[in-house]
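In what follows, a single structure is set out as structure tokens and then discussed.
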Amino acid sequence: MINEIAYGLGSNRSCIRDLFEYGRARAAIVGNENVYDYSLGNPSIPAPKAVDDAIRDILQDTPSLVVHGYTSAVGDLATRQAIADDLNRRYDAGVGAEDLFIGCGAAPELVAVFRALAVPGAEILAVAPYFPEYKPFVEGAGATFKVVPPDVPGFQIKLDAVEAMLTENTVAIILNSPNNPAGTVYTRQTLQELAALLTKKAQAFGHPIYIVADEPYRELVYGDVEVPFIPTIYPDTVVCYSYSKSLSLPGERIGYVYVPKAAADHAALYAAVAGASRAAGHVCAPSLWQKVIARCANLRPDLESYDRNRRALYDGLTAMGYEAAKPDGAFYLFVKAPGGDANEFSQRAKKYDLLVVPGDGFGCPGYFRVCYCVSYEMIIKSLPVFEALMKEYQ
Ligand code: PLP
């Protein structure tokens, strides 16, 4: 007797993984340098040197039993304090160490928050385009997953659609900015308007509607574009943060959940996040990495190579006639498929060993995602392929 939903999730590979595996197989035949694999969002800049230095220092100056031992279930106090200090320096947000729960990356943190909020009948909204794992995370928590249609072509938030979808059962709306897959950043104005709407509806329904801010890309932003810190606009926000992308540490599984003191039912919500994480077996995040973050919480990524890639792709593709959302953040470009069918485009691109992900899984058919955390040389070499493809549609 095996759980059918779990079996389905474990035995069906995602479209992104399929493309990635296809790319590996093709590379074995035609050579790595002849496959243009834009499928996976795996950082392509190394972790800052200070991270490696911190590991060496910790191993030298901390007893082994402490480095490798269990920490407090919610995370080392020194780690939480370092993160709180950094957030307060940047956003003057009044964050306390006691408001932070150290997690094993954004994925298990989101799972814990959804479980913490999933009262019977709960509905959780996500704004398309959205990270596909939200659906199994929300449904696994026992809540109903509802998708707010995309606001094309700028990929802000369709507030009238949100308003129409909010019901007495809505407990939360998930926001991801900078966004995977759109590469867009929600403006302060968008967030303020959403906050006003949620406040009005929460009052009418007599219970809070939380924003779950999924923020692994918070520091991946280009030029002088602002990424507002959502709790300072709407206190009923729970932040799920990860160092996977900002410090290029996706394999190390480290991040945090922040429950602001001003959030409704703060103490109960924090306890429920810790409890849901406990029930999922995710307490006491990796000890060595907690100690690294205690020393590196104020580090920022060097975005120069992502920015160069971003400009080469965006300028290159738009000059050929492709239409894409303005890529202000993260490391994704979301492009309108010529011909209108992104699945067909992605299949056709495979003939050129060009791998791009159709937007259907992100709740946005008709667009495809290009991850530009790749080498600059690959981008330059792939541009004629994009051009040849575009010509097929003209
Ligand atoms: N949320 C978004 C939007 C992501 O793109 C990712 C990973 O790609 C995650 C969450 C999961 O991140 P983590 O590696 O911290 O679990």
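If you're wondering about the labels, chains in the structure tokens are A, B, ... by order shown, residues count from 1 in each chain, ligands from 1 in order shown.
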Exercise: Gln189 of chain A partners within 12 Å, only C-alpha atoms, chain neighbours under 5 positions left out, as a list in words: Gln156, Ile157, Leu159, Leu194, Ala195, Ala196, Glu226, Val227, Pro228, Ile230 and Ile233 of chain A
Distance filter 10 Å around ligand 1, atoms: only C-alpha atoms and all ligand atoms, out as a count of residues only: 48
Those of segment 162-210 of chain A in DSSP strand (DSSP E or B), formatted as a list in words: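 In segment 162-210 of chain A, DSSP puts these residues in strand (DSSP E or B): Thr170, Val171, Ala172, Ile173, Ile174, Leu175 and Tyr210 of chain A.
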Okay, now the selection with N, CA, C and O atoms, as a PDB file, in the first residue's frame?
ATOM      1  N   THR A 170      -9.649  32.120   2.443  1.00  0.00           N
ATOM      2  CA  THR A 170      -8.279  32.451   2.042  1.00  0.00           C
ATOM      3  C   THR A 170      -7.440  32.753   3.277  1.00  0.00           C
ATOM      4  O   THR A 170      -7.776  33.654   4.054  1.00  0.00           O
ATOM      5  N   VAL A 171      -6.360  32.006   3.436  1.00  0.00           N
ATOM      6  CA  VAL A 171      -5.482  32.262   4.586  1.00  0.00           C
ATOM      7  C   VAL A 171      -4.202  32.972   4.161  1.00  0.00           C
ATOM      8  O   VAL A 171      -3.557  33.624   4.988  1.00  0.00           O
ATOM      9  N   ALA A 172      -3.825  32.845   2.881  1.00  0.00           N
ATOM     10  CA  ALA A 172      -2.541  33.435   2.476  1.00  0.00           C
ATOM     11  C   ALA A 172      -2.464  33.588   0.967  1.00  0.00           C
ATOM     12  O   ALA A 172      -3.184  32.928   0.213  1.00  0.00           O
ATOM     13  N   ILE A 173      -1.579  34.469   0.552  1.00  0.00           N
ATOM     14  CA  ILE A 173      -1.217  34.608  -0.857  1.00  0.00           C
ATOM     15  C   ILE A 173       0.309  34.543  -0.931  1.00  0.00           C
ATOM     16  O   ILE A 173       1.001  35.185  -0.131  1.00  0.00           O
ATOM     17  N   ILE A 174       0.818  33.740  -1.853  1.00  0.00           N
ATOM     18  CA  ILE A 174       2.268  33.570  -1.984  1.00  0.00           C
ATOM     19  C   ILE A 174       2.779  34.588  -3.000  1.00  0.00           C
ATOM     20  O   ILE A 174       2.251  34.680  -4.111  1.00  0.00           O
ATOM     21  N   LEU A 175       3.820  35.334  -2.630  1.00  0.00           N
ATOM     22  CA  LEU A 175       4.480  36.250  -3.565  1.00  0.00           C
ATOM     23  C   LEU A 175       5.936  35.830  -3.698  1.00  0.00           C
ATOM     24  O   LEU A 175       6.576  35.462  -2.711  1.00  0.00           O
ATOM     25  N   TYR A 210      -2.447  36.299   5.265  1.00  0.00           N
ATOM     26  CA  TYR A 210      -0.998  36.520   5.274  1.00  0.00           C
ATOM     27  C   TYR A 210      -0.433  36.564   3.858  1.00  0.00           C
ATOM     28  O   TYR A 210      -0.933  35.896   2.945  1.00  0.00           O
TER      29      TYR A 210
END
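Nearest residue to Asp53 of chain A, choosing from A:Val292, A:Val257, A:Ala161, A:Ile379 and counting only C-alpha atoms: A:Val292.
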Mind running segment 225-253 of chain A against segment 79-95 of chain A at 8 Å and telling me each contacting residue's nearest atom pair with the distance in Å (one decimal), counting only C-alpha atoms, chain and number ascending, as a Markdown table?
| residue | atom | partner | partner_atom | distance |
| --- | --- | --- | --- | --- |
| A:Phe229 | CA | A:Tyr91 | CA | 6.9 |
| A:Pro231 | CA | A:Ala93 | CA | 7.8 |
| A:Thr232 | CA | A:Ala93 | CA | 6.5 |
Distance criterion (only C-alpha atoms): nearest to Thr199 of chain A out of A:Ile211, A:Ala312, A:Ala182, A:Leu247: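 Result for the nearest residue to Thr199 of chain A: A:Ile211.
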